[in-house]
$ cat structure_14.cif   # mmCIF, C-alpha atoms
data_coords
#
loop_
_atom_site.label_atom_id
_atom_site.label_comp_id
_atom_site.auth_asym_id
_atom_site.auth_seq_id
_atom_site.Cartn_x
_atom_site.Cartn_y
_atom_site.Cartn_z
CA SER B 863 -7.70 38.15 110.66
CA GLN B 864 -7.72 40.72 113.45
CA MET B 865 -8.59 43.50 111.00
CA ALA B 866 -11.80 41.88 109.76
CA PRO B 867 -15.04 43.01 111.45
CA MET B 868 -16.44 39.45 111.31
CA TYR B 869 -15.67 35.93 112.43
CA PHE B 870 -15.42 33.67 109.39
CA ARG B 871 -16.51 30.09 108.82
CA ASP B 872 -13.86 27.55 107.88
CA GLY B 873 -13.79 26.35 104.32
CA GLN B 874 -14.47 27.60 100.83
CA ALA B 875 -16.74 30.34 99.60
CA ALA B 876 -20.39 29.41 99.76
CA GLN B 877 -22.62 28.67 96.81
CA ILE B 878 -25.85 29.76 98.43
CA GLU B 879 -28.64 32.09 97.43
CA GLN B 880 -28.63 35.23 99.57
CA ARG B 881 -30.91 38.27 99.57
CA PHE B 882 -29.33 41.59 100.52
CA GLU B 883 -31.18 43.00 103.54
CA LEU B 884 -30.29 46.25 105.26
CA THR B 885 -30.03 46.10 109.04
CA ARG B 886 -31.28 48.91 111.28
CA GLU B 887 -27.84 50.53 111.03
CA GLY B 888 -27.89 50.06 107.25
CA TRP B 889 -31.20 51.89 106.94
CA LEU B 890 -29.62 54.85 108.76
CA GLN B 891 -26.76 55.13 106.24
CA PRO B 892 -27.57 57.50 103.37
CA SER B 893 -24.79 55.91 101.29
CA LEU B 894 -26.62 52.57 101.27
CA ARG B 895 -30.01 53.96 100.28
CA VAL B 896 -30.57 55.20 96.73
CA ARG B 897 -34.33 55.82 96.73
CA GLU B 898 -36.12 58.78 98.34
CA THR B 899 -38.42 56.78 100.65
CA GLU B 900 -38.17 53.57 102.64
CA VAL B 901 -41.05 52.05 100.67
CA LEU B 902 -39.27 52.66 97.36
CA GLU B 903 -35.97 51.38 98.78
CA ARG B 904 -37.59 48.18 100.05
CA ARG B 905 -39.14 47.63 96.63
CA ARG B 906 -35.77 48.19 94.94
CA LEU B 907 -34.05 45.69 97.22
CA GLN B 908 -36.76 43.08 96.58
CA GLU B 909 -36.44 43.52 92.82
CA MET B 910 -32.66 43.17 92.80
CA PRO B 911 -31.25 39.73 92.02
CA SER B 912 -30.07 37.54 94.87
CA PHE B 913 -26.42 36.64 95.27
CA ARG B 914 -25.11 33.13 94.71
CA SER B 915 -21.52 33.25 95.83
CA GLY B 916 -19.63 34.69 98.74
CA ASN B 917 -17.71 34.07 101.89
CA ARG B 918 -19.67 33.17 104.99
CA ALA B 919 -19.29 34.60 108.46
CA ILE B 920 -20.69 33.34 111.72
CA GLY B 921 -21.08 36.78 113.24
CA THR B 922 -19.66 40.23 113.74
CA LYS B 923 -16.97 41.08 116.24
CA PRO B 924 -17.65 43.22 119.33
CA GLY B 925 -17.65 46.85 118.25
CA ALA B 926 -18.35 46.07 114.60
CA ILE B 927 -21.34 47.64 112.88
CA LEU B 928 -23.42 45.36 110.66
CA TYR B 929 -25.03 47.22 107.76
CA ALA B 930 -26.37 44.38 105.64
CA ALA B 931 -27.16 40.72 106.17
CA SER B 932 -29.14 37.86 104.74
CA THR B 933 -31.21 35.19 106.43
CA ASP B 934 -30.53 31.54 105.62
CA ILE B 935 -33.11 28.78 105.35
CA ASN B 936 -32.82 28.14 109.11
CA ASN B 937 -33.53 31.82 109.93
CA ARG B 938 -29.92 32.47 110.93
CA VAL B 939 -28.56 35.91 110.12
CA GLU B 940 -25.59 35.78 107.76
CA PRO B 941 -23.47 38.99 107.85
CA ILE B 942 -22.84 40.54 104.43
CA LEU B 943 -21.47 44.06 105.04
CA ALA B 944 -19.82 45.33 108.23
CA THR B 945 -17.23 47.84 109.43
CA GLN B 946 -15.16 48.30 112.56
CA LYS B 947 -12.59 50.71 113.91
CA PHE B 948 -9.07 49.35 113.71
CA GLY B 949 -6.06 51.29 114.91
CA ALA B 950 -6.36 54.88 113.68
CA GLY B 951 -8.70 53.88 110.83
CA LYS B 952 -11.58 51.66 109.88
CA THR B 953 -11.90 48.32 108.10
CA ALA B 954 -14.82 46.93 106.14
CA ALA B 955 -15.84 43.54 104.79
CA LEU B 956 -18.27 42.86 101.94
CA LEU B 957 -18.68 39.09 101.69
CA LEU B 958 -20.39 38.83 98.31
CA SER B 959 -18.31 37.52 95.42
CA ASP B 960 -20.93 38.33 92.81
CA PHE B 961 -21.91 41.85 93.84
CA TRP B 962 -21.30 42.77 90.19
CA ARG B 963 -24.73 41.23 89.38
CA TRP B 964 -26.37 44.40 90.69
CA ALA B 965 -24.53 46.45 88.04
CA MET B 966 -26.98 44.97 85.53
CA HIS B 967 -29.97 46.50 87.35
CA ASN B 968 -31.00 50.02 88.38
#

$ encode --input "structure_14.cif" --output "structure tokens"
Amino acid sequence: SQMAPMYFRDGQAAQIEQRFELTREGWLQPSLRVRETEVLERRRLQEMPSFRSGNRAIGTKPGAILYAASTDINNRVEPILATQKFGAGKTAALLLSDFWRWAMHN
């Protein structure tokens, strides 16, 4: 879709273990950080469960901002959360199907 900030892979949703990792831009977003210091935030992210289901993208589109990603077993970055300007507004994509798993943790 033209609105999406990412290019998607063909096929079904992936059944792959992914760790949520903030990108440089993600670390600069106060809305994505819930701890007072970077050390505490890194610890929180490491303690959170990994995700097992989601759509997969091959990259972000020009002009999109990538806030979170994971790294696969071949050290390829897999986009997880991105936004982009579209028309007079903004679109976002969160590719995790089981983001609800974090609701069970602090």

$ residues_around --input "structure_14.cif" --residues "segment 944-956 of chain B" --least-positions-apart "5" --cutoff "8 Å" --atoms "only C-alpha atoms" --output "list of chain:residue names"
B:Met865, B:Ala866, B:Pro867, B:Met868, B:Thr922, B:Gly925, B:Ala926, B:Ile927, B:Leu928, B:Tyr929, B:Ala930

$ atom_distance --input "structure_14.cif" --atom1 "atom CA of Glu898 of chain B" --atom2 "atom CA of Leu884 of chain B"
15.5 Å

$ residues_around --input "structure_14.cif" --residues "Trp964 of chain B" --least-positions-apart "4" --cutoff "10 Å" --atoms "all atoms listed in the file" --output "list of chain:residue names"
B:Met910, B:Pro911, B:Ser912, B:Phe913, B:Asp960, B:Asn968

$ closest_residue --input "structure_14.cif" --among "B:Phe961, B:Ala919, B:Trp889, B:Pro924" --to "Arg938 of chain B" --atoms "all atoms listed in the file"
B:Ala919

$ atom_distance --input "structure_14.cif" --atom1 "atom CA of Thr933 of chain B" --atom2 "atom CA of Gln908 of chain B"
13.8 Å

$ closest_residue --input "structure_14.cif" --among "B:Tyr869, B:Thr899, B:Arg881, B:Ser915" --to "Ser959 of chain B" --atoms "all atoms listed in the file"
B:Ser915

$ atom_distance --input "structure_14.cif" --atom1 "atom CA of Phe882 of chain B" --atom2 "atom CA of Ser932 of chain B"
5.6 Å

$ closest_residue --input "structure_14.cif" --among "B:Leu957, B:Phe870, B:Gln864, B:Glu883" --to "Glu909 of chain B" --atoms "all atoms listed in the file"
B:Glu883

$ closest_residue --input "structure_14.cif" --among "B:Glu879, B:Leu907, B:Ile920, B:Arg871" --to "Arg895 of chain B" --atoms "all atoms listed in the file"
B:Leu907

$ axis_aligned_box --input "structure_14.cif" --around "segment 911-929 of chain B" --padding-each-side "6 Å" --output "JSON"
{"center_x": -24.1, "center_y": 40.4, "center_z": 105.7, "size_x": 26.3, "size_y": 26.5, "size_z": 39.3}

$ closest_residue --input "structure_14.cif" --among "B:Val939, B:Ala965, B:Val901, B:Leu890" --to "Arg918 of chain B" --atoms "all atoms listed in the file"
B:Val939

$ decode --input "structure_14.cif" --residues "segment 864-961 of chain B" --atoms "C-alpha atoms" --output "PDB file, in the first residue's frame"
ATOM      1  CA  GLN B 864       1.173   3.532  -0.707  1.00  0.00           C
ATOM      2  CA  MET B 865       0.188   4.657   2.796  1.00  0.00           C
ATOM      3  CA  ALA B 866       2.401   2.140   4.600  1.00  0.00           C
ATOM      4  CA  PRO B 867       5.845   3.383   5.689  1.00  0.00           C
ATOM      5  CA  MET B 868       7.419   0.002   4.836  1.00  0.00           C
ATOM      6  CA  TYR B 869       7.868  -2.403   1.960  1.00  0.00           C
ATOM      7  CA  PHE B 870       6.329  -5.754   2.864  1.00  0.00           C
ATOM      8  CA  ARG B 871       7.407  -9.296   2.128  1.00  0.00           C
ATOM      9  CA  ASP B 872       5.058 -11.506   0.151  1.00  0.00           C
ATOM     10  CA  GLY B 873       3.228 -14.216   2.015  1.00  0.00           C
ATOM     11  CA  GLN B 874       1.738 -14.880   5.407  1.00  0.00           C
ATOM     12  CA  ALA B 875       2.572 -13.455   8.792  1.00  0.00           C
ATOM     13  CA  ALA B 876       5.817 -14.786  10.179  1.00  0.00           C
ATOM     14  CA  GLN B 877       6.169 -17.180  13.079  1.00  0.00           C
ATOM     15  CA  ILE B 878       9.581 -16.002  14.194  1.00  0.00           C
ATOM     16  CA  GLU B 879      11.027 -14.910  17.504  1.00  0.00           C
ATOM     17  CA  GLN B 880      11.748 -11.177  17.510  1.00  0.00           C
ATOM     18  CA  ARG B 881      13.222  -8.921  20.182  1.00  0.00           C
ATOM     19  CA  PHE B 882      11.964  -5.331  20.265  1.00  0.00           C
ATOM     20  CA  GLU B 883      14.945  -2.991  19.830  1.00  0.00           C
ATOM     21  CA  LEU B 884      14.696   0.784  19.708  1.00  0.00           C
ATOM     22  CA  THR B 885      16.540   2.475  16.864  1.00  0.00           C
ATOM     23  CA  ARG B 886      18.408   5.761  17.312  1.00  0.00           C
ATOM     24  CA  GLU B 887      15.200   7.610  16.433  1.00  0.00           C
ATOM     25  CA  GLY B 888      13.255   5.415  18.861  1.00  0.00           C
ATOM     26  CA  TRP B 889      15.580   6.318  21.721  1.00  0.00           C
ATOM     27  CA  LEU B 890      14.849   9.998  21.029  1.00  0.00           C
ATOM     28  CA  GLN B 891      11.076   9.518  21.387  1.00  0.00           C
ATOM     29  CA  PRO B 892       9.871  10.089  24.961  1.00  0.00           C
ATOM     30  CA  SER B 893       6.653   8.193  24.159  1.00  0.00           C
ATOM     31  CA  LEU B 894       8.621   4.982  23.552  1.00  0.00           C
ATOM     32  CA  ARG B 895      10.703   5.170  26.720  1.00  0.00           C
ATOM     33  CA  VAL B 896       9.075   4.483  30.077  1.00  0.00           C
ATOM     34  CA  ARG B 897      12.110   4.411  32.387  1.00  0.00           C
ATOM     35  CA  GLU B 898      14.062   7.433  33.642  1.00  0.00           C
ATOM     36  CA  THR B 899      17.487   6.412  32.303  1.00  0.00           C
ATOM     37  CA  GLU B 900      18.803   4.609  29.250  1.00  0.00           C
ATOM     38  CA  VAL B 901      20.336   1.894  31.430  1.00  0.00           C
ATOM     39  CA  LEU B 902      16.978   1.158  33.079  1.00  0.00           C
ATOM     40  CA  GLU B 903      15.191   1.255  29.716  1.00  0.00           C
ATOM     41  CA  ARG B 904      17.656  -1.194  28.157  1.00  0.00           C
ATOM     42  CA  ARG B 905      17.169  -3.531  31.108  1.00  0.00           C
ATOM     43  CA  ARG B 906      13.380  -3.286  30.758  1.00  0.00           C
ATOM     44  CA  LEU B 907      13.531  -4.103  27.046  1.00  0.00           C
ATOM     45  CA  GLN B 908      15.793  -7.106  27.693  1.00  0.00           C
ATOM     46  CA  GLU B 909      13.426  -8.443  30.350  1.00  0.00           C
ATOM     47  CA  MET B 910      10.325  -8.142  28.178  1.00  0.00           C
ATOM     48  CA  PRO B 911       9.216 -11.259  26.316  1.00  0.00           C
ATOM     49  CA  SER B 912      10.079 -11.621  22.653  1.00  0.00           C
ATOM     50  CA  PHE B 913       7.397 -11.619  19.992  1.00  0.00           C
ATOM     51  CA  ARG B 914       6.482 -14.707  18.010  1.00  0.00           C
ATOM     52  CA  SER B 915       4.096 -13.494  15.364  1.00  0.00           C
ATOM     53  CA  GLY B 916       3.909 -10.560  13.015  1.00  0.00           C
ATOM     54  CA  ASN B 917       4.108  -9.305   9.506  1.00  0.00           C
ATOM     55  CA  ARG B 918       7.533  -8.946   7.960  1.00  0.00           C
ATOM     56  CA  ALA B 919       8.900  -6.011   6.019  1.00  0.00           C
ATOM     57  CA  ILE B 920      12.007  -5.796   3.896  1.00  0.00           C
ATOM     58  CA  GLY B 921      12.679  -2.166   4.692  1.00  0.00           C
ATOM     59  CA  THR B 922      11.299   1.290   5.236  1.00  0.00           C
ATOM     60  CA  LYS B 923      10.312   3.645   2.464  1.00  0.00           C
ATOM     61  CA  PRO B 924      12.252   6.837   1.705  1.00  0.00           C
ATOM     62  CA  GLY B 925      11.170   9.484   4.187  1.00  0.00           C
ATOM     63  CA  ALA B 926       9.876   6.975   6.738  1.00  0.00           C
ATOM     64  CA  ILE B 927      11.210   7.039  10.284  1.00  0.00           C
ATOM     65  CA  LEU B 928      12.049   3.672  11.848  1.00  0.00           C
ATOM     66  CA  TYR B 929      11.546   3.664  15.622  1.00  0.00           C
ATOM     67  CA  ALA B 930      11.902  -0.021  16.449  1.00  0.00           C
ATOM     68  CA  ALA B 931      13.347  -3.071  14.751  1.00  0.00           C
ATOM     69  CA  SER B 932      14.610  -6.548  15.445  1.00  0.00           C
ATOM     70  CA  THR B 933      17.610  -8.406  14.091  1.00  0.00           C
ATOM     71  CA  ASP B 934      17.106 -11.836  12.539  1.00  0.00           C
ATOM     72  CA  ILE B 935      19.481 -14.789  12.787  1.00  0.00           C
ATOM     73  CA  ASN B 936      21.363 -13.525   9.705  1.00  0.00           C
ATOM     74  CA  ASN B 937      21.893 -10.068  11.280  1.00  0.00           C
ATOM     75  CA  ARG B 938      19.347  -8.435   8.965  1.00  0.00           C
ATOM     76  CA  VAL B 939      17.311  -5.612  10.451  1.00  0.00           C
ATOM     77  CA  GLU B 940      13.587  -6.353  10.445  1.00  0.00           C
ATOM     78  CA  PRO B 941      11.440  -3.181  10.780  1.00  0.00           C
ATOM     79  CA  ILE B 942       8.846  -3.337  13.573  1.00  0.00           C
ATOM     80  CA  LEU B 943       7.560   0.223  14.093  1.00  0.00           C
ATOM     81  CA  ALA B 944       7.743   3.097  11.599  1.00  0.00           C
ATOM     82  CA  THR B 945       5.905   6.266  10.585  1.00  0.00           C
ATOM     83  CA  GLN B 946       5.827   8.476   7.519  1.00  0.00           C
ATOM     84  CA  LYS B 947       4.091  11.619   6.355  1.00  0.00           C
ATOM     85  CA  PHE B 948       1.249  10.921   3.961  1.00  0.00           C
ATOM     86  CA  GLY B 949      -0.865  13.659   2.455  1.00  0.00           C
ATOM     87  CA  ALA B 950      -1.773  16.142   5.191  1.00  0.00           C
ATOM     88  CA  GLY B 951      -1.238  13.559   7.948  1.00  0.00           C
ATOM     89  CA  LYS B 952       0.936  10.714   9.082  1.00  0.00           C
ATOM     90  CA  THR B 953       0.698   6.930   8.889  1.00  0.00           C
ATOM     91  CA  ALA B 954       2.245   4.317  11.153  1.00  0.00           C
ATOM     92  CA  ALA B 955       2.829   0.582  11.020  1.00  0.00           C
ATOM     93  CA  LEU B 956       3.389  -1.751  13.969  1.00  0.00           C
ATOM     94  CA  LEU B 957       4.118  -5.199  12.563  1.00  0.00           C
ATOM     95  CA  LEU B 958       3.736  -7.296  15.704  1.00  0.00           C
ATOM     96  CA  SER B 959       0.625  -9.456  15.979  1.00  0.00           C
ATOM     97  CA  ASP B 960       1.270 -10.412  19.582  1.00  0.00           C
ATOM     98  CA  PHE B 961       2.166  -7.034  21.074  1.00  0.00           C
TER      99      PHE B 961
END
